[in-house]
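Asks: Mind looking over this structure? Questions follow.
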Amino acid sequence: MSRNLTKSRFKVGYECPSKLFYLDNKKFGNLNAENSFLEALAEGGFQVGELAKVYHPGGIEITSANKDQAVTETAELLKRDKVTIFEATIRHENLFIKADVLVKSGSNIQLIEVKAKSFDPTERNPFFTKASVKKNKPQLNSQWEPYIMDVAFQAFVIQQAFPDFEVEPFLMLADKTSIATVDGINQRFFLDSSVGGRVSVITAPGTTAASLGAKLLVKVSVSKEVEVAWASQFRGGHSFSEFVSYLSSLLETNTLAEPVVSGGCKSCEFRIGADLKSSGLLSGFENCWSKARGIKAADFSRPMVFDIWNFRRSELLLAQEKVFIDQVERDDIDPREGADGLSASERQWLQVEKIIAKESTPYFDSEGMAEEMERWRFPLHFIDFETTMVAIPFHAGCRPYEQIAFQFSHHCVNENGTVEHAGEYLNREKGKYPNFDFVRNLKRELEDDNGTIFRFAAHENTVLCQIRQQLLSTDDVSDSRELVAFIESITASTDSAESEWLGPRNMIDMCELVKLFYYHPPNQWFELD
Ligand code: SF4
């Protein structure tokens, strides 16, 4: 069946043209099948889309589910001299897009792609690499490239469908310098899944741009960036328009693009696990690697070089025809001795050694760990935070994506070996800004003794440093000084802090302890032996 090249298929084909063959083929498993929806949900993409509509009053939404009808309705509206269209549906040959917002005035069309991504409008040349700007040959940086390519594709389709119009491309993004001046904006955009499980956003009646106070989204011109995208060279030396035609023809003819495999295949969504394969689904990853490298089916149970933890040299090894971990030699890793435990390269080599020796038992440096434990003081406190960063703030005074800490748990291990759930905090009050109460409660939990505090990974430290910054920027908290002093006593400053500190009771990161003293080979690498 012939398929249109839509903006989401263009995105996938731009990542790797071979993916288009597997994308809508039910025989192949796809790890992203539900991810993009969940990601949009988590990022607040649905709500930000609705907020953008509120900022464009009078816009007309194309709601028809019938593609041809939607295309006709859009074309009719575009005959008006001035019009704003949401979900504008445009087709040119096999290319098909639904643009978030189109603002037409005379022969000018502003194409506005709305993204729930944070943006700092004070940053210079945010979309290009610094080095390319210095050389005056701007190149898109990897952070923004997918977004610009998306807009470039849409602008290209509009230009092809309506050659008499001038198309001006924009991104509309969450402005991280903006501060909400109204409480409860987030709750004005309710997510609703009551109709057939489909998520939609219900905007509270009476919501207007004026009622929302300071503008939280910023419209950024990306004309220069789209020009750069259009002038780029793509796989096979294709120009932008040739690349679009190439992807389009792959879809029309349902052809697998010659796979060009690399270390990037590690995270390919068509690299499915044994669970999906046992349900009868095929692996696009295995199909590509057997075609490109002649790998036999039985060999896919062998872990590959890019499965080595945090390893940056897999491309080099692949070029030397070393595809599997059991082909890696000591010199390929060149392990360097760590000062306090395993170094990163020692850990990588340990991983390789265990694979080669077919040894599934864990590594544990009990001496190193015992030495570390001598520094601990009882009772040991284990804390774990639950937080959220949303594009549309809940509270006045907050910026888009500002950290909200709403729950923590606190467990203790006492010197006699007993374990207790010592306490917790959970904000149950709707509409309440919880961060300062969160810290007050944490302080109360931890200030009665001098026991060692544990976290897992950077999150708890990052969150406390962010709340410290929030405390420093307000005059309304009477115990602000005590709370800041408490935070500084149990944290280490992050790179973004204006000053440096290392608290006398700085939390111990258990993730770092694992990296230094413990390694457990993944079971699935041995189950298939
Ligand atoms: S395995 Fe590699 S070549 Fe094949 S579709 Fe995935 S990323 Fe593309």
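FYI, nothing fancy with the structure tokens labels: chains A, B, ... in order, residues from 1 per chain, ligands from 1 as they appear.
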Dump the neighbourhood of ligand 1 as a ChimeraX atom specification: all residues within 12 Å, distances computed on only C-alpha atoms and all ligand atoms.
Replies: /A:12-23,28-31,256-272,283-293
Asks: Pick out the residues sitting within 12 Å of region 493-496 of chain A, and hand them over as a PyMOL selection string; count only C-alpha atoms, and ignore anything fewer than 4 positions along from it in its own chain.
Replies: chain A and resi 458-466+468-469+487-489+500-503+506-507
Asks: Would you write out, as a tab-separated table, a table of all residues in region 136-235 of chain A that have an atom no more than 12 Å from an atom of region 118-121 of chain A, listing for each the closest atom pair and the distance in Å to one decimal, considering only C-alpha atoms and ordering rows by chain and rising residue number?
Replies:
residue	atom	partner	partner_atom	distance
A:Gln143	CA	A:Phe119	CA	11.5
A:Trp144	CA	A:Phe119	CA	10.6
A:Leu171	CA	A:Phe119	CA	10.2
A:Met172	CA	A:Phe119	CA	9.3
A:Leu173	CA	A:Ser118	CA	6.1
A:Ala174	CA	A:Ser118	CA	4.6
A:Asp175	CA	A:Phe119	CA	5.2
A:Lys176	CA	A:Asp120	CA	5.6
A:Thr177	CA	A:Asp120	CA	6.2
A:Ser178	CA	A:Asp120	CA	9.2
A:Leu216	CA	A:Ser118	CA	10.2
A:Leu217	CA	A:Phe119	CA	9.0
A:Val218	CA	A:Pro121	CA	7.7
A:Lys219	CA	A:Pro121	CA	9.3
A:Val220	CA	A:Pro121	CA	8.1
A:Ser221	CA	A:Pro121	CA	11.0
Asks: Please produce a file of those selected residues containing all heavy atoms, as a tab-separated table (two decimals), in the first residue's frame.
Replies:
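Listing of again.tsv after writing:
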chain	number	residue	atom	x	y	z
A	143	GLN	N	21.08	19.28	18.89
A	143	GLN	CA	19.90	19.46	19.76
A	143	GLN	C	18.68	19.94	18.96
A	143	GLN	O	17.56	19.51	19.19
A	143	GLN	CB	20.27	20.47	20.85
A	143	GLN	CG	19.23	20.59	21.92
A	143	GLN	CD	19.33	21.89	22.70
A	143	GLN	OE1	20.23	22.71	22.50
A	143	GLN	NE2	18.40	22.09	23.60
A	144	TRP	N	18.91	20.85	18.02
A	144	TRP	CA	17.79	21.47	17.32
A	144	TRP	C	17.55	20.91	15.92
A	144	TRP	O	16.52	21.18	15.30
A	144	TRP	CB	18.00	22.99	17.25
A	144	TRP	CG	17.78	23.64	18.58
A	144	TRP	CD1	18.74	24.06	19.45
A	144	TRP	CD2	16.53	23.91	19.22
A	144	TRP	NE1	18.16	24.59	20.58
A	144	TRP	CE2	16.80	24.51	20.46
A	144	TRP	CE3	15.19	23.71	18.85
A	144	TRP	CZ2	15.79	24.91	21.35
A	144	TRP	CZ3	14.18	24.11	19.72
A	144	TRP	CH2	14.49	24.70	20.96
A	171	LEU	N	9.25	28.61	14.88
A	171	LEU	CA	8.99	27.64	15.94
A	171	LEU	C	8.31	28.41	17.07
A	171	LEU	O	8.66	29.57	17.33
A	171	LEU	CB	10.29	27.04	16.47
A	171	LEU	CG	10.93	25.89	15.67
A	171	LEU	CD1	12.29	25.56	16.25
A	171	LEU	CD2	10.03	24.66	15.67
A	172	MET	N	7.36	27.77	17.73
A	172	MET	CA	6.78	28.38	18.93
A	172	MET	C	7.14	27.47	20.10
A	172	MET	O	6.79	26.28	20.11
A	172	MET	CB	5.27	28.51	18.77
A	172	MET	CG	4.67	29.36	19.87
A	172	MET	SD	3.01	29.90	19.47
A	172	MET	CE	3.14	31.63	19.77
A	173	LEU	N	7.88	28.03	21.08
A	173	LEU	CA	8.51	27.20	22.12
A	173	LEU	C	8.22	27.77	23.50
A	173	LEU	O	7.85	28.94	23.64
A	173	LEU	CB	10.03	27.20	21.90
A	173	LEU	CG	10.48	26.72	20.51
A	173	LEU	CD1	11.89	27.20	20.20
A	173	LEU	CD2	10.42	25.20	20.44
A	174	ALA	N	8.42	26.92	24.52
A	174	ALA	CA	8.20	27.37	25.91
A	174	ALA	C	9.35	28.31	26.30
A	174	ALA	O	10.51	27.91	26.27
A	174	ALA	CB	8.15	26.17	26.84
A	175	ASP	N	8.99	29.54	26.65
A	175	ASP	CA	9.99	30.57	26.93
A	175	ASP	C	10.47	30.42	28.37
A	175	ASP	O	9.75	30.75	29.31
A	175	ASP	CB	9.33	31.94	26.72
A	175	ASP	CG	10.29	33.08	26.97
A	175	ASP	OD1	11.41	32.84	27.47
A	175	ASP	OD2	9.91	34.23	26.68
A	176	LYS	N	11.71	29.93	28.55
A	176	LYS	CA	12.14	29.68	29.93
A	176	LYS	C	12.54	30.94	30.68
A	176	LYS	O	12.84	30.89	31.87
A	176	LYS	CB	13.23	28.61	29.99
A	176	LYS	CG	14.55	28.92	29.39
A	176	LYS	CD	15.43	27.68	29.59
A	176	LYS	CE	16.82	27.89	29.10
A	176	LYS	NZ	17.58	26.66	29.10
A	177	THR	N	12.50	32.11	30.01
A	177	THR	CA	12.77	33.35	30.73
A	177	THR	C	11.46	34.00	31.20
A	177	THR	O	11.48	34.97	31.93
A	177	THR	CB	13.52	34.36	29.83
A	177	THR	OG1	12.67	34.70	28.73
A	177	THR	CG2	14.82	33.79	29.31
A	178	SER	N	10.33	33.46	30.73
A	178	SER	CA	9.05	34.07	31.08
A	178	SER	C	8.58	33.57	32.45
A	178	SER	O	8.81	32.41	32.80
A	178	SER	CB	8.04	33.69	30.00
A	178	SER	OG	6.77	34.11	30.38
A	216	LEU	N	3.74	32.75	27.76
A	216	LEU	CA	4.67	31.68	28.15
A	216	LEU	C	5.34	31.01	26.96
A	216	LEU	O	6.30	30.26	27.11
A	216	LEU	CB	3.91	30.62	28.96
A	216	LEU	CG	3.29	31.15	30.25
A	216	LEU	CD1	2.32	30.14	30.82
A	216	LEU	CD2	4.36	31.50	31.26
A	217	LEU	N	4.80	31.26	25.76
A	217	LEU	CA	5.41	30.69	24.57
A	217	LEU	C	6.03	31.82	23.75
A	217	LEU	O	5.50	32.93	23.73
A	217	LEU	CB	4.37	29.96	23.71
A	217	LEU	CG	3.57	28.83	24.38
A	217	LEU	CD1	2.62	28.18	23.37
A	217	LEU	CD2	4.50	27.76	24.95
A	218	VAL	N	7.12	31.50	23.10
A	218	VAL	CA	7.78	32.52	22.29
A	218	VAL	C	7.85	32.03	20.84
A	218	VAL	O	8.12	30.86	20.58
A	218	VAL	CB	9.18	32.87	22.87
A	218	VAL	CG1	10.08	31.65	22.94
A	218	VAL	CG2	9.86	33.96	22.08
A	219	LYS	N	7.58	32.96	19.92
A	219	LYS	CA	7.60	32.63	18.49
A	219	LYS	C	8.96	33.04	17.93
A	219	LYS	O	9.34	34.21	18.04
A	219	LYS	CB	6.46	33.39	17.82
A	219	LYS	CG	6.26	33.09	16.38
A	219	LYS	CD	4.99	33.83	15.93
A	219	LYS	CE	5.14	34.38	14.54
A	219	LYS	NZ	4.08	35.30	14.16
A	220	VAL	N	9.67	32.07	17.39
A	220	VAL	CA	11.05	32.34	16.95
A	220	VAL	C	11.16	32.11	15.45
A	220	VAL	O	10.83	31.02	14.96
A	220	VAL	CB	12.03	31.36	17.66
A	220	VAL	CG1	13.46	31.76	17.43
A	220	VAL	CG2	11.72	31.24	19.14
A	221	SER	N	11.66	33.11	14.75
A	221	SER	CA	11.85	32.92	13.30
A	221	SER	C	12.98	31.93	13.06
A	221	SER	O	14.04	32.00	13.68
A	221	SER	CB	12.22	34.27	12.65
A	221	SER	OG	12.67	34.01	11.34
Asks: To one decimal place in Å, what is the distance between CA of Lys137 (chain A) and CA of His238 (chain A)?
Replies: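 One can read the CA of Lys137 (chain A) to CA of His238 (chain A) distance as 19.5 Å.
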Asks: Which neighbours of Phe311 (chain A) fall inside 12 Å, counting only C-alpha atoms, when residues of the same chain fewer than 2 positions from it are skipped, and could you give them as a CSV table (one decimal) with all heavy atoms, in the first residue's frame?
Replies:
chain,number,residue,atom,x,y,z
A,263,GLY,N,27.1,2.4,14.8
A,263,GLY,CA,26.9,2.4,16.2
A,263,GLY,C,25.5,3.0,16.6
A,263,GLY,O,24.9,2.7,17.6
A,266,LYS,N,22.4,1.1,17.7
A,266,LYS,CA,22.2,0.6,19.1
A,266,LYS,C,20.8,0.9,19.6
A,266,LYS,O,20.2,0.1,20.3
A,266,LYS,CB,23.3,1.2,20.0
A,266,LYS,CG,23.1,0.9,21.4
A,266,LYS,CD,24.1,1.6,22.3
A,266,LYS,CE,23.8,1.2,23.8
A,266,LYS,NZ,24.8,1.8,24.7
A,304,MET,N,26.8,-6.9,21.2
A,304,MET,CA,27.6,-6.2,20.2
A,304,MET,C,28.5,-5.1,20.8
A,304,MET,O,28.3,-4.7,22.0
A,304,MET,CB,26.6,-5.6,19.2
A,304,MET,CG,25.9,-6.7,18.5
A,304,MET,SD,24.5,-6.2,17.4
A,304,MET,CE,25.4,-6.2,15.9
A,305,VAL,N,29.4,-4.6,20.1
A,305,VAL,CA,30.4,-3.7,20.7
A,305,VAL,C,29.8,-2.4,21.2
A,305,VAL,O,30.2,-1.9,22.2
A,305,VAL,CB,31.5,-3.3,19.7
A,305,VAL,CG1,32.5,-4.4,19.5
A,305,VAL,CG2,31.0,-2.8,18.4
A,306,PHE,N,28.7,-2.0,20.6
A,306,PHE,CA,28.1,-0.8,21.2
A,306,PHE,C,27.2,-1.0,22.4
A,306,PHE,O,26.6,-0.1,23.0
A,306,PHE,CB,27.2,0.0,20.1
A,306,PHE,CG,26.4,-0.8,19.2
A,306,PHE,CD1,25.3,-1.5,19.6
A,306,PHE,CD2,26.8,-0.9,17.8
A,306,PHE,CE1,24.5,-2.2,18.8
A,306,PHE,CE2,26.0,-1.6,17.0
A,306,PHE,CZ,24.9,-2.3,17.4
A,307,ASP,N,27.2,-2.3,22.9
A,307,ASP,CA,26.6,-2.6,24.2
A,307,ASP,C,27.5,-2.4,25.3
A,307,ASP,O,27.1,-2.6,26.5
A,307,ASP,CB,26.0,-4.0,24.1
A,307,ASP,CG,24.8,-4.2,23.1
A,307,ASP,OD1,24.0,-3.2,23.1
A,307,ASP,OD2,24.8,-5.2,22.4
A,308,ILE,N,28.8,-2.1,25.0
A,308,ILE,CA,29.7,-1.9,26.1
A,308,ILE,C,29.3,-0.6,26.7
A,308,ILE,O,29.1,0.4,26.0
A,308,ILE,CB,31.2,-1.8,25.6
A,308,ILE,CG1,31.6,-3.1,24.9
A,308,ILE,CG2,32.2,-1.4,26.7
A,308,ILE,CD1,32.9,-3.1,24.2
A,309,TRP,N,29.3,-0.6,28.1
A,309,TRP,CA,28.8,0.6,28.8
A,309,TRP,C,29.6,1.9,28.5
A,309,TRP,O,30.8,1.9,28.6
A,309,TRP,CB,28.8,0.3,30.3
A,309,TRP,CG,28.5,1.4,31.2
A,309,TRP,CD1,27.3,2.0,31.4
A,309,TRP,CD2,29.5,2.2,32.0
A,309,TRP,NE1,27.4,3.1,32.3
A,309,TRP,CE2,28.7,3.2,32.6
A,309,TRP,CE3,30.8,2.1,32.2
A,309,TRP,CZ2,29.3,4.1,33.5
A,309,TRP,CZ3,31.4,3.0,33.1
A,309,TRP,CH2,30.7,4.0,33.7
A,313,ARG,N,34.1,4.2,21.4
A,313,ARG,CA,35.0,3.8,20.3
A,313,ARG,C,34.3,2.6,19.5
A,313,ARG,O,35.0,1.9,18.7
A,313,ARG,CB,36.3,3.3,20.8
A,313,ARG,CG,37.3,4.5,21.0
A,313,ARG,CD,38.6,4.1,21.4
A,313,ARG,NE,38.8,4.1,22.8
A,313,ARG,CZ,39.8,3.7,23.5
A,313,ARG,NH1,40.8,3.1,22.9
A,313,ARG,NH2,39.9,3.7,24.8
A,314,SER,N,33.0,2.5,19.6
A,314,SER,CA,32.4,1.3,18.9
A,314,SER,C,32.5,1.5,17.3
A,314,SER,O,32.7,0.5,16.6
A,314,SER,CB,31.0,1.1,19.3
A,314,SER,OG,30.3,2.3,19.3
A,315,GLU,N,32.4,2.8,16.9
A,315,GLU,CA,32.5,3.0,15.4
A,315,GLU,C,33.8,2.5,14.9
A,315,GLU,O,33.9,1.9,13.8
A,315,GLU,CB,32.3,4.5,15.2
A,315,GLU,CG,31.3,4.9,14.1
A,315,GLU,CD,29.9,4.3,14.2
A,315,GLU,OE1,29.1,4.8,15.0
A,315,GLU,OE2,29.7,3.3,13.5
A,316,LEU,N,34.9,2.8,15.7
A,316,LEU,CA,36.3,2.4,15.3
A,316,LEU,C,36.3,0.9,15.2
A,316,LEU,O,36.9,0.3,14.2
A,316,LEU,CB,37.2,2.9,16.3
A,316,LEU,CG,38.7,3.0,16.0
A,316,LEU,CD1,38.9,4.2,15.0
A,316,LEU,CD2,39.5,3.3,17.3
A,317,LEU,N,35.8,0.2,16.2
A,317,LEU,CA,35.8,-1.3,16.2
A,317,LEU,C,35.0,-1.8,15.0
A,317,LEU,O,35.4,-2.8,14.4
A,317,LEU,CB,35.4,-1.8,17.5
A,317,LEU,CG,36.2,-1.4,18.7
A,317,LEU,CD1,35.8,-2.2,20.0
A,317,LEU,CD2,37.7,-1.6,18.5
A,325,ILE,N,31.1,-8.1,21.2
A,325,ILE,CA,32.0,-7.9,22.4
A,325,ILE,C,33.0,-8.9,22.5
A,325,ILE,O,34.2,-8.7,22.9
A,325,ILE,CB,31.1,-7.8,23.7
A,325,ILE,CG1,30.3,-6.5,23.6
A,325,ILE,CG2,32.0,-7.8,24.9
A,325,ILE,CD1,29.5,-6.2,24.9
A,332,ASP,N,41.9,-2.6,22.8
A,332,ASP,CA,40.8,-1.8,22.3
A,332,ASP,C,40.1,-0.9,23.3
A,332,ASP,O,39.5,0.1,23.1
A,332,ASP,CB,39.7,-2.7,21.7
A,332,ASP,CG,40.2,-3.5,20.5
A,332,ASP,OD1,41.0,-3.0,19.7
A,332,ASP,OD2,39.8,-4.7,20.4
A,333,ILE,N,40.2,-1.4,24.6
A,333,ILE,CA,39.6,-0.7,25.7
A,333,ILE,C,40.7,0.1,26.4
A,333,ILE,O,40.5,1.3,26.9
A,333,ILE,CB,39.0,-1.7,26.7
A,333,ILE,CG1,37.9,-2.5,26.0
A,333,ILE,CG2,38.4,-0.9,28.0
A,333,ILE,CD1,36.6,-1.9,25.8
A,334,ASP,N,41.9,-0.5,26.5
A,334,ASP,CA,43.0,0.2,27.2
A,334,ASP,C,42.6,0.6,28.6
A,334,ASP,O,42.6,1.8,29.0
A,334,ASP,CB,43.5,1.4,26.4
A,334,ASP,CG,44.8,1.9,27.0
A,334,ASP,OD1,45.5,1.2,27.7
A,334,ASP,OD2,45.1,3.1,26.7
A,335,PRO,N,42.3,-0.4,29.5
A,335,PRO,CA,41.8,0.0,30.9
A,335,PRO,C,42.8,0.7,31.7
A,335,PRO,O,43.9,0.3,31.8
A,335,PRO,CB,41.4,-1.3,31.5
A,335,PRO,CG,42.1,-2.4,30.7
A,335,PRO,CD,42.3,-1.8,29.3
A,344,ALA,N,36.1,4.0,34.6
A,344,ALA,CA,35.1,3.7,33.5
A,344,ALA,C,35.7,2.6,32.6
A,344,ALA,O,35.0,1.7,32.2
A,344,ALA,CB,34.8,5.0,32.7
A,345,SER,N,37.0,2.8,32.2
A,345,SER,CA,37.6,1.8,31.3
A,345,SER,C,37.8,0.4,31.9
A,345,SER,O,37.6,-0.6,31.2
A,345,SER,CB,38.9,2.3,30.7
A,345,SER,OG,39.8,2.7,31.7
A,346,GLU,N,38.1,0.4,33.2
A,346,GLU,CA,38.2,-0.9,33.9
A,346,GLU,C,36.8,-1.6,33.9
A,346,GLU,O,36.7,-2.8,33.7
A,346,GLU,CB,38.6,-0.7,35.4
A,346,GLU,CG,40.1,-0.5,35.5
A,346,GLU,CD,40.5,-0.4,36.9
A,346,GLU,OE1,39.9,0.4,37.7
A,346,GLU,OE2,41.5,-1.0,37.4
A,347,ARG,N,35.8,-0.8,34.1
A,347,ARG,CA,34.4,-1.4,34.1
A,347,ARG,C,34.1,-1.9,32.8
A,347,ARG,O,33.4,-3.0,32.6
A,347,ARG,CB,33.4,-0.3,34.6
A,347,ARG,CG,32.1,-0.7,34.9
A,347,ARG,CD,31.2,0.4,35.5
A,347,ARG,NE,29.9,0.0,35.6
A,347,ARG,CZ,29.4,-0.7,36.7
A,347,ARG,NH1,30.2,-1.0,37.6
A,347,ARG,NH2,28.2,-1.1,36.7
A,348,GLN,N,34.5,-1.2,31.7
A,348,GLN,CA,34.2,-1.6,30.4
A,348,GLN,C,34.9,-3.0,30.1
A,348,GLN,O,34.4,-3.9,29.5
A,348,GLN,CB,34.6,-0.6,29.4
A,348,GLN,CG,33.8,0.7,29.4
A,348,GLN,CD,34.5,1.9,28.7
A,348,GLN,OE1,35.7,1.9,28.5
A,348,GLN,NE2,33.7,2.9,28.4
A,349,TRP,N,36.2,-3.0,30.5
A,349,TRP,CA,37.0,-4.2,30.2
A,349,TRP,C,36.5,-5.4,31.0
A,349,TRP,O,36.4,-6.5,30.5
A,349,TRP,CB,38.5,-3.9,30.5
A,349,TRP,CG,39.3,-5.2,30.3
A,349,TRP,CD1,40.1,-5.8,31.2
A,349,TRP,CD2,39.4,-5.9,29.1
A,349,TRP,NE1,40.7,-6.9,30.7
A,349,TRP,CE2,40.3,-7.0,29.3
A,349,TRP,CE3,38.9,-5.8,27.8
A,349,TRP,CZ2,40.7,-7.9,28.4
A,349,TRP,CZ3,39.2,-6.8,26.9
A,349,TRP,CH2,40.1,-7.8,27.2
A,351,GLN,N,33.4,-5.9,31.8
A,351,GLN,CA,32.2,-6.3,31.0
A,351,GLN,C,32.7,-7.2,29.9
A,351,GLN,O,32.1,-8.3,29.7
A,351,GLN,CB,31.5,-5.1,30.5
A,351,GLN,CG,30.2,-5.3,29.9
A,351,GLN,CD,29.6,-4.0,29.3
A,351,GLN,OE1,30.1,-2.9,29.6
A,351,GLN,NE2,28.5,-4.0,28.7
A,352,VAL,N,33.7,-6.8,29.1
A,352,VAL,CA,34.2,-7.6,28.0
A,352,VAL,C,34.7,-9.0,28.5
A,352,VAL,O,34.4,-10.1,28.0
A,352,VAL,CB,35.3,-6.9,27.3
A,352,VAL,CG1,35.9,-7.8,26.2
A,352,VAL,CG2,34.8,-5.6,26.7
Asks: How many Å lie between CA of Asn136 (chain A) and CA of Met149 (chain A), rounded to one decimal?
Replies: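 Computing the Euclidean distance for CA of Asn136 (chain A) and CA of Met149 (chain A) yields 20.5 Å.
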Asks: Quick one: DSSP strand (DSSP E) residues in region 5-118 of chain A, as a PyMOL selection string?
Replies: chain A and resi 60-61+82-92+95-105+108-118
Asks: Once DSSP has gone over the backbone, tell me which residues of region 167-406 of chain A are in helix (DSSP H, G or I), as a PyMOL selection string.
Replies: chain A and resi 186-188+210-212+223-230+235-237+240-253+263-267+274-278+284-293+297-301+305-307+314-319+325-327+330-333+344-356+366-373
Asks: Identify, on the basis of only C-alpha atoms, every residue whose closest approach to Asn141 (chain A) does not exceed 8 Å; exclude the query and any residue fewer than 5 positions from it along the same chain; express the result as a PyMOL selection string.
Replies: chain A and resi 127-129
Asks: Tell me which of A:Glu359, A:Asp183, A:Glu87, A:Asp150 sits closest to His395 (chain A), counting only C-alpha atoms.
Replies: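 With only C-alpha atoms as the atom set, the closest residue is A:Asp183.
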Asks: Between A:Arg91, A:Gln139, A:Ile97, A:Met389, single out the one closest to Gln233 (chain A), counting only C-alpha atoms.
Replies: A:Gln139
